[in-house]
Amino acid sequence: MRTTALGVSIAMAVVAMPAFAQDATADEVVDDSDNTPIIVTAQGRSQLLSDVPVAISAVNAETLQNSGANDIRQLNQIAPSLLVSSTGSEANGSARIRGIGTVGDNPGLESSVPVFIDGVYRSRSGIGLNELGEIDRVEVQRGPQGTLGGRNSSAGLISIYSKKPEFNFGANGEITYGNYNFWRLAGSVTGPIGDTLAARLDGVWVKRDGFYRDTTNNTDVNDRDRYFLRGQLLFEPTDALSIRLIADYTYRDEKCCAATYVDNSVNPFIGNLNNPSTPLTPLQANGNNIINVLRDLGQPLSAFGQGYGRAISVSPGRSFAGETKDYGISGQIDYDFGGATLTSITGYRQYRSSQASDTDYGSVDILYRAPSDDAYRQFHTFTQELRLQGEAFDGTLDWLVGGFYANEKLTVRDNLRFGSQYGRFATCRIISGGGLAGLYSPTSPGCLAARPAAFGAASPAIYAAFDVLDSINDRGTTNDRYFQEGTNWALFTHNIVHITDRLDLTLGLRYTNDKKKFNATFGNDNTGCTTVQGLVGGFTGVPALAAVSQGLIGLSCQGNSTAELNGVSINDDRSEDEWTGTAILSYKPTDDLLLYGSFARGYKAGGFNLDRSALKPPVVSFASLGGAQALVSNLQFDPELVDSYEIGAKYSTGPFSLSVSAFRSDFSNFQLNTFNGTVFLVATVNGCDNLIGGPDADTDLSNATGTCAADDVGYGVRTQGFELEAQLVPARNFRMAAGLTYARTKFRGDLVGNKNGLALDPALRKLPGDNLSNAPELVATGSVTWTPDIGSSGLSGLVYIDGRMTSDYNTGSDLFPQKSQDGYALFNARVGVRGPDEKWGVELWAQNIFNKNYAQVAFNSPFQAGTTSAPFTDPQYPGGRQIFSQFLAEPRTYGVTLRGKF
């Protein structure tokens, strides 16, 4: 499949030759009517896109409208180096550039690719999944950022610019209807309030049925029910002063995000889940004891054989209901002193998202979050940016200096609890998976058909522990509260020295100070955990009893769900200082050609893993380790650092532009978040030059993975490759564009778990030498836009199609082969008729025209791991008899849009 995708992608890039709207290579995005080039501010100055010696994509309003892009996720179709996805919660979607991004759904990790809207930093990139309203352009910058302002980033950033108020009156609106009962109403009005004051108001309302069907609770999941409002004032009392005020509010009341089981029709590494072992002893080679348990407790076997079907298994009474509120105000002041210009951007944002879930994603009630005010994540963020820029030495130097300050208060409250069937599920999981399988009886207490003296003198304690575990239902978190206050300030400068009329040297430098204060308070009513520890804790060292004892303790204390934490508080703080910067040498041998080479050092702050499961293994008590406070350092992770190199060329002659760049970036302390089926692991991955234990020690199947001397630790991840983008406008009403990105985003061959050379967690043993998750090596995009005149009446047509072709990749951060995704192609199209001066329009559209099914992310189904035996053994089947689930991408959607403006 990889070879096919490569060939098709190259063919697409050659045939479409052109370019989307300019990526890594700043080519001009031109207007259909007059070939006016787009102006970008990627270097803090207004410049032609083709004159900017950095890797940047600029997408204009028309391209966004034609592609149907209402949030940043749909930029995937037109930016080949960008991938935006969402999984368990749209509150924390992930953006990746050149294969690098923040993985997982842990709010303690900042974005590798942050989002800025009208210059204001948004705390997490998933916030960009909201409706955007009327947009002027989107700029996607690749590589480390920070010397021009805003928050620093290690992989790139996405800057979204809304349309400003205008001093001429205007209004527009649209009504869209599509399948899944999709409705979207959007409108905007702008105009003067006086000679110096203009206003603008944007609004969007969206409603759509979900594309998953929960027949148990008779509802749809992954629906849309949201609205967005934004008001602006633009005050320009003089030519020198401009003040822009923006206030916006987004509200979403939606059910998200369901998942289905992965079966062997989707991935050949999955065993035959429809063939459970009967009887359990002996275990059939192609059977799975965990399937027996799920089946016997009420899970329909059809759920394990539906491929990409969207019928979901949900426990009765469980919900995916969620509510999101995102709002804030900002003000930008620009003042021209004559020799210099001062820019001030002030922003205050509040974001709150609550999300219930049937967290096991199956019919058996194992784990859930209930809809409640006790489960949410909330950000209060204040940012202030100041920039002063101007020229010196008769224009030889373009200088910029500035500062940035951010204060963020993050609150996370959780109520994750075991389900009403958890106890029986847990005991049956133990009984069915080992030498006790002959006692398996899912309708009997403790899942035990009989209670022989199988454990000698320990039998009473062991069986008492089974009874306690059997009764752990609807227990767990009552109110966990995490609070983190982060303060980030920076000083930066970015300067362009015009050595000659054609040779420029750009030098940028940034100093960043980042501090975080953390505290957490836990509430838990799972007294079963401590009871089981007391009953069988003494037997864990007895070989004959160790496996059963540890299973009983582990399952009763799963994820550190224990009343031992009830009322316990912990706290910690961290501080870091980093110097980052960039150097760019650019040369224009002719007016149409720009050559450049650059180096940049980037940084993403460290922080805290906001998950109690990271404090310790469940099988060990907190008391035996000195209490929760003594373990708080286990939640910390180090800052991510990157050294990035790039060379590029940009050629532009008006109707034709071509951009080529080659890049290499080395990441140290790469921040990785992985769910192993039980707990979330946050690791900072590094490489090692001389791995202790041998070059394959980090892929050892035992727990003794390799370590490294601290002075031998180096970068752990490298992304390198090239990007090509082109655009051709042979006629006023015809445009073609294409892009091609080849990126090998790989872990080094020998890895360790942090900067001190400690061992990599065994759950990550597939990482060394392999590509990162959601990092396809090859992506090609292309689009064609044709707007022919229809007669001489002023009518015009619209024909638009875009496509994105992706080679194979793995969707799981642990890279288990069961989570691999074959390459695929997605196409969108839009056709329509527009009136004179585009005063009205009727458009038919479709997204994912060919209804391509694929998974955004596959993951270990929580707690659903069975006994490991042939053929479910490493290295081909590293997940053993683990069951896997997947978050599917959206199916084909289509509809009609009516537009009008005056």
# chains A, B, ... in the order shown; residues from 1 in each chain; ligands from 1
call {"tool": "select_by_dssp", "arguments": {"residues": "stretch 207-421 of chain A", "states": "alpha helix (DSSP H)", "output": "list in words"}}
result
Asn289, Ile290, Ile291, Asn292, Val293, Leu294, Arg295 and Asp296 of chain A
call {"tool": "write_last_selection", "arguments": {"atoms": "C-alpha atoms", "output": "PDB file, in the first residue's frame"}}
result
ATOM      1  CA  ASN A 289     -10.373 -15.117  27.077  1.00  0.00           C
ATOM      2  CA  ILE A 290     -11.218 -11.426  27.430  1.00  0.00           C
ATOM      3  CA  ILE A 291     -13.763 -11.816  24.626  1.00  0.00           C
ATOM      4  CA  ASN A 292     -15.379 -14.640  26.584  1.00  0.00           C
ATOM      5  CA  VAL A 293     -15.694 -12.406  29.630  1.00  0.00           C
ATOM      6  CA  LEU A 294     -17.154  -9.493  27.681  1.00  0.00           C
ATOM      7  CA  ARG A 295     -19.557 -11.805  25.840  1.00  0.00           C
ATOM      8  CA  ASP A 296     -20.739 -13.509  29.008  1.00  0.00           C
TER       9      ASP A 296
END
call {"tool": "select_by_dssp", "arguments": {"residues": "stretch 545-684 of chain A", "states": "strand (DSSP E or B)", "output": "PDB file with N, CA and C atoms, in the first residue's frame"}}
result
ATOM      1  N   SER A 569      -3.844  15.706  49.682  1.00  0.00           N
ATOM      2  CA  SER A 569      -3.422  16.807  48.814  1.00  0.00           C
ATOM      3  C   SER A 569      -1.925  16.699  48.553  1.00  0.00           C
ATOM      4  N   ILE A 570      -1.521  17.089  47.354  1.00  0.00           N
ATOM      5  CA  ILE A 570      -0.112  17.137  47.001  1.00  0.00           C
ATOM      6  C   ILE A 570       0.170  18.453  46.309  1.00  0.00           C
ATOM      7  N   ASN A 571       1.432  18.871  46.296  1.00  0.00           N
ATOM      8  CA  ASN A 571       1.794  20.116  45.619  1.00  0.00           C
ATOM      9  C   ASN A 571       3.242  20.051  45.175  1.00  0.00           C
ATOM     10  N   ASP A 572       3.557  20.876  44.186  1.00  0.00           N
ATOM     11  CA  ASP A 572       4.914  20.914  43.649  1.00  0.00           C
ATOM     12  C   ASP A 572       5.034  22.166  42.789  1.00  0.00           C
ATOM     13  N   ASP A 573       6.250  22.514  42.401  1.00  0.00           N
ATOM     14  CA  ASP A 573       6.457  23.628  41.474  1.00  0.00           C
ATOM     15  C   ASP A 573       7.722  23.373  40.678  1.00  0.00           C
ATOM     16  N   ARG A 574       7.835  24.051  39.567  1.00  0.00           N
ATOM     17  CA  ARG A 574       9.006  23.919  38.719  1.00  0.00           C
ATOM     18  C   ARG A 574       9.267  25.237  37.997  1.00  0.00           C
ATOM     19  N   SER A 575      10.521  25.448  37.620  1.00  0.00           N
ATOM     20  CA  SER A 575      10.898  26.664  36.910  1.00  0.00           C
ATOM     21  C   SER A 575      11.983  26.322  35.910  1.00  0.00           C
ATOM     22  N   GLU A 576      11.946  26.962  34.758  1.00  0.00           N
ATOM     23  CA  GLU A 576      12.965  26.722  33.736  1.00  0.00           C
ATOM     24  C   GLU A 576      13.237  27.994  32.942  1.00  0.00           C
ATOM     25  N   ASP A 577      14.462  28.104  32.462  1.00  0.00           N
ATOM     26  CA  ASP A 577      14.897  29.240  31.651  1.00  0.00           C
ATOM     27  C   ASP A 577      15.544  28.688  30.401  1.00  0.00           C
ATOM     28  N   GLU A 578      15.173  29.246  29.259  1.00  0.00           N
ATOM     29  CA  GLU A 578      15.730  28.756  27.994  1.00  0.00           C
ATOM     30  C   GLU A 578      16.043  29.912  27.058  1.00  0.00           C
ATOM     31  N   TRP A 579      17.181  29.778  26.362  1.00  0.00           N
ATOM     32  CA  TRP A 579      17.532  30.671  25.261  1.00  0.00           C
ATOM     33  C   TRP A 579      17.240  29.952  23.945  1.00  0.00           C
ATOM     34  N   THR A 580      16.525  30.576  23.077  1.00  0.00           N
ATOM     35  CA  THR A 580      16.257  30.028  21.750  1.00  0.00           C
ATOM     36  C   THR A 580      16.522  31.129  20.721  1.00  0.00           C
ATOM     37  N   GLY A 581      16.544  30.748  19.455  1.00  0.00           N
ATOM     38  CA  GLY A 581      16.806  31.772  18.448  1.00  0.00           C
ATOM     39  C   GLY A 581      16.822  31.207  17.049  1.00  0.00           C
ATOM     40  N   THR A 582      17.122  32.083  16.107  1.00  0.00           N
ATOM     41  CA  THR A 582      17.155  31.684  14.703  1.00  0.00           C
ATOM     42  C   THR A 582      18.170  32.518  13.943  1.00  0.00           C
ATOM     43  N   ALA A 583      18.683  31.957  12.882  1.00  0.00           N
ATOM     44  CA  ALA A 583      19.569  32.673  11.954  1.00  0.00           C
ATOM     45  C   ALA A 583      19.195  32.241  10.540  1.00  0.00           C
ATOM     46  N   ILE A 584      18.989  33.226   9.661  1.00  0.00           N
ATOM     47  CA  ILE A 584      18.571  32.946   8.284  1.00  0.00           C
ATOM     48  C   ILE A 584      19.431  33.780   7.338  1.00  0.00           C
ATOM     49  N   LEU A 585      19.985  33.126   6.354  1.00  0.00           N
ATOM     50  CA  LEU A 585      20.694  33.819   5.284  1.00  0.00           C
ATOM     51  C   LEU A 585      19.897  33.631   4.001  1.00  0.00           C
ATOM     52  N   SER A 586      19.486  34.749   3.387  1.00  0.00           N
ATOM     53  CA  SER A 586      18.661  34.655   2.176  1.00  0.00           C
ATOM     54  C   SER A 586      19.264  35.508   1.074  1.00  0.00           C
ATOM     55  N   TYR A 587      19.068  35.037  -0.169  1.00  0.00           N
ATOM     56  CA  TYR A 587      19.693  35.703  -1.326  1.00  0.00           C
ATOM     57  C   TYR A 587      18.737  35.644  -2.507  1.00  0.00           C
ATOM     58  N   LYS A 588      18.609  36.767  -3.212  1.00  0.00           N
ATOM     59  CA  LYS A 588      17.769  36.834  -4.408  1.00  0.00           C
ATOM     60  C   LYS A 588      18.664  37.082  -5.619  1.00  0.00           C
ATOM     61  N   PRO A 589      19.081  36.030  -6.305  1.00  0.00           N
ATOM     62  CA  PRO A 589      19.925  36.220  -7.489  1.00  0.00           C
ATOM     63  C   PRO A 589      19.192  36.960  -8.598  1.00  0.00           C
ATOM     64  N   THR A 590      17.851  36.792  -8.648  1.00  0.00           N
ATOM     65  CA  THR A 590      17.015  37.541  -9.575  1.00  0.00           C
ATOM     66  C   THR A 590      15.784  38.008  -8.802  1.00  0.00           C
ATOM     67  N   LEU A 593      13.511  34.952  -7.860  1.00  0.00           N
ATOM     68  CA  LEU A 593      14.037  33.773  -7.182  1.00  0.00           C
ATOM     69  C   LEU A 593      14.619  34.150  -5.824  1.00  0.00           C
ATOM     70  N   LEU A 594      14.208  33.407  -4.801  1.00  0.00           N
ATOM     71  CA  LEU A 594      14.733  33.586  -3.447  1.00  0.00           C
ATOM     72  C   LEU A 594      15.354  32.277  -2.985  1.00  0.00           C
ATOM     73  N   LEU A 595      16.584  32.337  -2.485  1.00  0.00           N
ATOM     74  CA  LEU A 595      17.267  31.189  -1.891  1.00  0.00           C
ATOM     75  C   LEU A 595      17.524  31.488  -0.422  1.00  0.00           C
ATOM     76  N   TYR A 596      17.401  30.472   0.426  1.00  0.00           N
ATOM     77  CA  TYR A 596      17.658  30.739   1.838  1.00  0.00           C
ATOM     78  C   TYR A 596      18.124  29.480   2.553  1.00  0.00           C
ATOM     79  N   GLY A 597      18.796  29.688   3.662  1.00  0.00           N
ATOM     80  CA  GLY A 597      19.187  28.626   4.573  1.00  0.00           C
ATOM     81  C   GLY A 597      19.006  29.127   5.988  1.00  0.00           C
ATOM     82  N   SER A 598      18.595  28.249   6.895  1.00  0.00           N
ATOM     83  CA  SER A 598      18.289  28.726   8.242  1.00  0.00           C
ATOM     84  C   SER A 598      18.629  27.686   9.296  1.00  0.00           C
ATOM     85  N   PHE A 599      18.822  28.202  10.503  1.00  0.00           N
ATOM     86  CA  PHE A 599      18.943  27.373  11.703  1.00  0.00           C
ATOM     87  C   PHE A 599      18.044  27.982  12.768  1.00  0.00           C
ATOM     88  N   ALA A 600      17.353  27.135  13.523  1.00  0.00           N
ATOM     89  CA  ALA A 600      16.515  27.613  14.610  1.00  0.00           C
ATOM     90  C   ALA A 600      16.591  26.631  15.769  1.00  0.00           C
ATOM     91  N   ARG A 601      16.605  27.191  16.962  1.00  0.00           N
ATOM     92  CA  ARG A 601      16.493  26.364  18.167  1.00  0.00           C
ATOM     93  C   ARG A 601      15.155  26.674  18.815  1.00  0.00           C
ATOM     94  N   GLY A 602      14.404  25.625  19.089  1.00  0.00           N
ATOM     95  CA  GLY A 602      13.072  25.795  19.637  1.00  0.00           C
ATOM     96  C   GLY A 602      12.912  25.125  20.985  1.00  0.00           C
ATOM     97  N   TYR A 603      11.790  25.413  21.619  1.00  0.00           N
ATOM     98  CA  TYR A 603      11.575  24.968  22.998  1.00  0.00           C
ATOM     99  C   TYR A 603      10.091  24.894  23.303  1.00  0.00           C
ATOM    100  N   LYS A 604       9.686  23.846  24.003  1.00  0.00           N
ATOM    101  CA  LYS A 604       8.345  23.719  24.568  1.00  0.00           C
ATOM    102  C   LYS A 604       8.481  23.374  26.037  1.00  0.00           C
ATOM    103  N   GLY A 607       6.407  20.347  32.372  1.00  0.00           N
ATOM    104  CA  GLY A 607       5.207  20.547  33.178  1.00  0.00           C
ATOM    105  C   GLY A 607       4.888  19.342  34.030  1.00  0.00           C
ATOM    106  N   PHE A 608       3.570  19.169  34.291  1.00  0.00           N
ATOM    107  CA  PHE A 608       3.082  18.120  35.166  1.00  0.00           C
ATOM    108  C   PHE A 608       2.062  17.255  34.426  1.00  0.00           C
ATOM    109  N   GLN A 636       6.277  15.133  37.102  1.00  0.00           N
ATOM    110  CA  GLN A 636       6.982  16.143  36.309  1.00  0.00           C
ATOM    111  C   GLN A 636       7.564  15.545  35.025  1.00  0.00           C
ATOM    112  N   PHE A 637       7.620  16.383  33.989  1.00  0.00           N
ATOM    113  CA  PHE A 637       8.351  16.010  32.775  1.00  0.00           C
ATOM    114  C   PHE A 637       9.122  17.226  32.283  1.00  0.00           C
ATOM    115  N   GLU A 640      10.865  20.228  26.140  1.00  0.00           N
ATOM    116  CA  GLU A 640      11.230  19.687  24.835  1.00  0.00           C
ATOM    117  C   GLU A 640      12.073  20.715  24.091  1.00  0.00           C
ATOM    118  N   LEU A 641      13.202  20.267  23.534  1.00  0.00           N
ATOM    119  CA  LEU A 641      14.130  21.152  22.817  1.00  0.00           C
ATOM    120  C   LEU A 641      14.353  20.614  21.411  1.00  0.00           C
ATOM    121  N   VAL A 642      14.578  21.531  20.466  1.00  0.00           N
ATOM    122  CA  VAL A 642      14.768  21.117  19.077  1.00  0.00           C
ATOM    123  C   VAL A 642      15.801  22.002  18.407  1.00  0.00           C
ATOM    124  N   ASP A 643      16.663  21.385  17.599  1.00  0.00           N
ATOM    125  CA  ASP A 643      17.576  22.091  16.696  1.00  0.00           C
ATOM    126  C   ASP A 643      17.113  21.802  15.277  1.00  0.00           C
ATOM    127  N   SER A 644      16.813  22.862  14.523  1.00  0.00           N
ATOM    128  CA  SER A 644      16.180  22.697  13.217  1.00  0.00           C
ATOM    129  C   SER A 644      16.998  23.394  12.138  1.00  0.00           C
ATOM    130  N   TYR A 645      17.190  22.703  11.020  1.00  0.00           N
ATOM    131  CA  TYR A 645      17.944  23.231   9.880  1.00  0.00           C
ATOM    132  C   TYR A 645      17.068  23.173   8.633  1.00  0.00           C
ATOM    133  N   GLU A 646      17.202  24.178   7.779  1.00  0.00           N
ATOM    134  CA  GLU A 646      16.370  24.197   6.575  1.00  0.00           C
ATOM    135  C   GLU A 646      17.070  24.964   5.467  1.00  0.00           C
ATOM    136  N   ILE A 647      16.924  24.487   4.234  1.00  0.00           N
ATOM    137  CA  ILE A 647      17.326  25.232   3.048  1.00  0.00           C
ATOM    138  C   ILE A 647      16.139  25.243   2.097  1.00  0.00           C
ATOM    139  N   GLY A 648      16.026  26.320   1.326  1.00  0.00           N
ATOM    140  CA  GLY A 648      14.866  26.402   0.459  1.00  0.00           C
ATOM    141  C   GLY A 648      15.064  27.358  -0.694  1.00  0.00           C
ATOM    142  N   ALA A 649      14.163  27.256  -1.663  1.00  0.00           N
ATOM    143  CA  ALA A 649      14.147  28.141  -2.821  1.00  0.00           C
ATOM    144  C   ALA A 649      12.708  28.449  -3.171  1.00  0.00           C
ATOM    145  N   LYS A 650      12.447  29.706  -3.560  1.00  0.00           N
ATOM    146  CA  LYS A 650      11.112  30.137  -3.954  1.00  0.00           C
ATOM    147  C   LYS A 650      11.217  30.909  -5.262  1.00  0.00           C
ATOM    148  N   TYR A 651      10.428  30.448  -6.203  1.00  0.00           N
ATOM    149  CA  TYR A 651      10.422  31.081  -7.523  1.00  0.00           C
ATOM    150  C   TYR A 651       9.012  31.569  -7.817  1.00  0.00           C
ATOM    151  N   SER A 652       8.870  32.830  -8.202  1.00  0.00           N
ATOM    152  CA  SER A 652       7.540  33.386  -8.430  1.00  0.00           C
ATOM    153  C   SER A 652       7.578  34.383  -9.576  1.00  0.00           C
ATOM    154  N   PHE A 656       2.746  31.963 -11.962  1.00  0.00           N
ATOM    155  CA  PHE A 656       3.334  30.678 -11.588  1.00  0.00           C
ATOM    156  C   PHE A 656       4.282  30.871 -10.416  1.00  0.00           C
ATOM    157  N   SER A 657       4.200  29.956  -9.468  1.00  0.00           N
ATOM    158  CA  SER A 657       5.129  29.984  -8.338  1.00  0.00           C
ATOM    159  C   SER A 657       5.486  28.558  -7.960  1.00  0.00           C
ATOM    160  N   LEU A 658       6.705  28.404  -7.484  1.00  0.00           N
ATOM    161  CA  LEU A 658       7.210  27.099  -7.091  1.00  0.00           C
ATOM    162  C   LEU A 658       8.099  27.276  -5.870  1.00  0.00           C
ATOM    163  N   SER A 659       7.889  26.427  -4.871  1.00  0.00           N
ATOM    164  CA  SER A 659       8.669  26.495  -3.641  1.00  0.00           C
ATOM    165  C   SER A 659       9.186  25.109  -3.298  1.00  0.00           C
ATOM    166  N   VAL A 660      10.443  25.042  -2.912  1.00  0.00           N
ATOM    167  CA  VAL A 660      11.069  23.785  -2.513  1.00  0.00           C
ATOM    168  C   VAL A 660      11.860  24.042  -1.242  1.00  0.00           C
ATOM    169  N   SER A 661      11.746  23.146  -0.283  1.00  0.00           N
ATOM    170  CA  SER A 661      12.546  23.265   0.936  1.00  0.00           C
ATOM    171  C   SER A 661      12.945  21.883   1.409  1.00  0.00           C
ATOM    172  N   ALA A 662      14.088  21.806   2.067  1.00  0.00           N
ATOM    173  CA  ALA A 662      14.553  20.581   2.709  1.00  0.00           C
ATOM    174  C   ALA A 662      14.833  20.911   4.165  1.00  0.00           C
ATOM    175  N   PHE A 663      14.519  19.982   5.051  1.00  0.00           N
ATOM    176  CA  PHE A 663      14.605  20.299   6.478  1.00  0.00           C
ATOM    177  C   PHE A 663      15.115  19.100   7.268  1.00  0.00           C
ATOM    178  N   ARG A 664      15.663  19.404   8.421  1.00  0.00           N
ATOM    179  CA  ARG A 664      16.017  18.395   9.419  1.00  0.00           C
ATOM    180  C   ARG A 664      15.865  19.032  10.794  1.00  0.00           C
ATOM    181  N   SER A 665      15.166  18.331  11.692  1.00  0.00           N
ATOM    182  CA  SER A 665      14.970  18.816  13.057  1.00  0.00           C
ATOM    183  C   SER A 665      15.221  17.674  14.027  1.00  0.00           C
ATOM    184  N   ASP A 666      16.026  17.946  15.058  1.00  0.00           N
ATOM    185  CA  ASP A 666      16.356  16.950  16.072  1.00  0.00           C
ATOM    186  C   ASP A 666      15.739  17.377  17.404  1.00  0.00           C
ATOM    187  N   PHE A 667      14.917  16.496  17.989  1.00  0.00           N
ATOM    188  CA  PHE A 667      14.190  16.795  19.214  1.00  0.00           C
ATOM    189  C   PHE A 667      14.787  16.020  20.387  1.00  0.00           C
ATOM    190  N   SER A 668      15.128  16.746  21.432  1.00  0.00           N
ATOM    191  CA  SER A 668      15.547  16.149  22.700  1.00  0.00           C
ATOM    192  C   SER A 668      14.412  16.289  23.699  1.00  0.00           C
ATOM    193  N   PHE A 670      11.743  14.623  23.847  1.00  0.00           N
ATOM    194  CA  PHE A 670      10.480  14.652  23.113  1.00  0.00           C
ATOM    195  C   PHE A 670       9.358  14.167  24.033  1.00  0.00           C
ATOM    196  N   GLN A 671       8.340  15.007  24.209  1.00  0.00           N
ATOM    197  CA  GLN A 671       7.266  14.720  25.156  1.00  0.00           C
ATOM    198  C   GLN A 671       6.243  13.778  24.508  1.00  0.00           C
ATOM    199  N   LEU A 672       6.104  12.595  25.107  1.00  0.00           N
ATOM    200  CA  LEU A 672       5.226  11.564  24.552  1.00  0.00           C
ATOM    201  C   LEU A 672       4.211  11.143  25.604  1.00  0.00           C
ATOM    202  N   ASN A 673       2.950  11.135  25.215  1.00  0.00           N
ATOM    203  CA  ASN A 673       1.869  10.706  26.099  1.00  0.00           C
ATOM    204  C   ASN A 673       1.247   9.440  25.518  1.00  0.00           C
ATOM    205  N   THR A 674       1.213   8.370  26.294  1.00  0.00           N
ATOM    206  CA  THR A 674       0.734   7.072  25.802  1.00  0.00           C
ATOM    207  C   THR A 674      -0.221   6.451  26.809  1.00  0.00           C
ATOM    208  N   PHE A 675      -1.338   5.917  26.302  1.00  0.00           N
ATOM    209  CA  PHE A 675      -2.251   5.139  27.127  1.00  0.00           C
ATOM    210  C   PHE A 675      -1.961   3.666  26.881  1.00  0.00           C
ATOM    211  N   PHE A 680      -2.038   6.364  31.847  1.00  0.00           N
ATOM    212  CA  PHE A 680      -1.391   7.257  30.895  1.00  0.00           C
ATOM    213  C   PHE A 680       0.066   7.434  31.295  1.00  0.00           C
ATOM    214  N   LEU A 681       0.962   7.214  30.340  1.00  0.00           N
ATOM    215  CA  LEU A 681       2.391   7.379  30.553  1.00  0.00           C
ATOM    216  C   LEU A 681       2.848   8.645  29.843  1.00  0.00           C
ATOM    217  N   VAL A 682       3.508   9.546  30.558  1.00  0.00           N
ATOM    218  CA  VAL A 682       4.131  10.704  29.933  1.00  0.00           C
ATOM    219  C   VAL A 682       5.632  10.527  30.077  1.00  0.00           C
ATOM    220  N   ALA A 683       6.313  10.407  28.950  1.00  0.00           N
ATOM    221  CA  ALA A 683       7.751  10.188  28.946  1.00  0.00           C
ATOM    222  C   ALA A 683       8.416  11.266  28.109  1.00  0.00           C
ATOM    223  N   THR A 684       9.648  11.597  28.472  1.00  0.00           N
ATOM    224  CA  THR A 684      10.464  12.461  27.623  1.00  0.00           C
ATOM    225  C   THR A 684      11.525  11.567  26.981  1.00  0.00           C
TER     226      THR A 684
END
call {"tool": "residues_around", "arguments": {"residues": "A:Gly895", "least_positions_apart": "2", "cutoff": "10 Å", "atoms": "only C-alpha atoms", "output": "list in words"}}
result
Thr176, Tyr177, Gly178, Asn179, Tyr180, Asn181, Phe182, Trp183, Arg830, Glu843, Leu844, Trp845, Ala846, Gln847, Thr893 and Thr897 of chain A
call {"tool": "closest_residue", "arguments": {"among": "A:Gln886, A:Asn415, A:Ser50, A:Thr493", "to": "A:Gly149", "atoms": "only C-alpha atoms"}}
result
A:Thr493
call {"tool": "residues_around", "arguments": {"residues": "A:Asp750", "least_positions_apart": "3", "cutoff": "6 Å", "atoms": "only C-alpha atoms", "output": "short mmCIF file (atom, residue, chain, number, x, y, z; two decimals) with C-alpha atoms, in the first residue's frame"}}
result
data_model
loop_
_atom_site.label_atom_id
_atom_site.label_comp_id
_atom_site.auth_asym_id
_atom_site.auth_seq_id
_atom_site.Cartn_x
_atom_site.Cartn_y
_atom_site.Cartn_z
CA GLY A 687 18.43 8.73 22.26
CA CYS A 688 21.59 7.04 23.46
CA PRO A 768 13.16 2.51 18.59
#
call {"tool": "closest_atom_pairs", "arguments": {"of": "stretch 146-248 of chain A", "to": "stretch 53-72 of chain A", "cutoff": "10 Å", "atoms": "only C-alpha atoms", "output": "JSON lines"}}
result
{"residue": "A:Gly156", "atom": "CA", "partner": "A:Ile56", "partner_atom": "CA", "distance": 9.3}
{"residue": "A:Leu157", "atom": "CA", "partner": "A:Ile56", "partner_atom": "CA", "distance": 9.6}
{"residue": "A:Ile158", "atom": "CA", "partner": "A:Ile72", "partner_atom": "CA", "distance": 8.6}
{"residue": "A:Ser159", "atom": "CA", "partner": "A:Ala58", "partner_atom": "CA", "distance": 9.5}
{"residue": "A:Ile160", "atom": "CA", "partner": "A:Ile72", "partner_atom": "CA", "distance": 9.0}
{"residue": "A:Tyr161", "atom": "CA", "partner": "A:Ala61", "partner_atom": "CA", "distance": 9.9}
{"residue": "A:Ser162", "atom": "CA", "partner": "A:Ala61", "partner_atom": "CA", "distance": 9.5}
{"residue": "A:Lys163", "atom": "CA", "partner": "A:Ala61", "partner_atom": "CA", "distance": 9.2}
call {"tool": "write_last_selection", "arguments": {"atoms": "C-alpha atoms", "output": "short mmCIF file (atom, residue, chain, number, x, y, z; two decimals), in the first residue's frame"}}
result
data_model
loop_
_atom_site.label_atom_id
_atom_site.label_comp_id
_atom_site.auth_asym_id
_atom_site.auth_seq_id
_atom_site.Cartn_x
_atom_site.Cartn_y
_atom_site.Cartn_z
CA GLY A 156 5.36 25.41 14.30
CA LEU A 157 2.26 27.49 14.79
CA ILE A 158 -1.11 28.27 13.23
CA SER A 159 -2.12 31.94 13.00
CA ILE A 160 -5.74 32.73 12.17
CA TYR A 161 -6.74 36.26 11.16
CA SER A 162 -10.39 37.23 11.16
CA LYS A 163 -11.79 39.89 8.83
#
call {"tool": "closest_atom_pairs", "arguments": {"of": "stretch 381-446 of chain A", "to": "stretch 500-508 of chain A", "cutoff": "12 Å", "atoms": "only C-alpha atoms", "output": "tab-separated table"}}
result
residue	atom	partner	partner_atom	distance
A:Gly395	CA	A:Asp501	CA	10.6
A:Thr396	CA	A:Thr500	CA	8.4
A:Leu397	CA	A:Asp504	CA	9.6
A:Asp398	CA	A:Thr506	CA	9.2
A:Trp399	CA	A:Leu507	CA	9.7
A:Leu400	CA	A:Gly508	CA	9.1
A:Val401	CA	A:Gly508	CA	9.5
A:Gly402	CA	A:Gly508	CA	11.4
call {"tool": "residues_around", "arguments": {"residues": "A:Phe304", "least_positions_apart": "2", "cutoff": "7 Å", "atoms": "only C-alpha atoms", "output": "VMD selection string"}}
result
chain A and resid 261 to 263 273 to 274 301 to 302 306
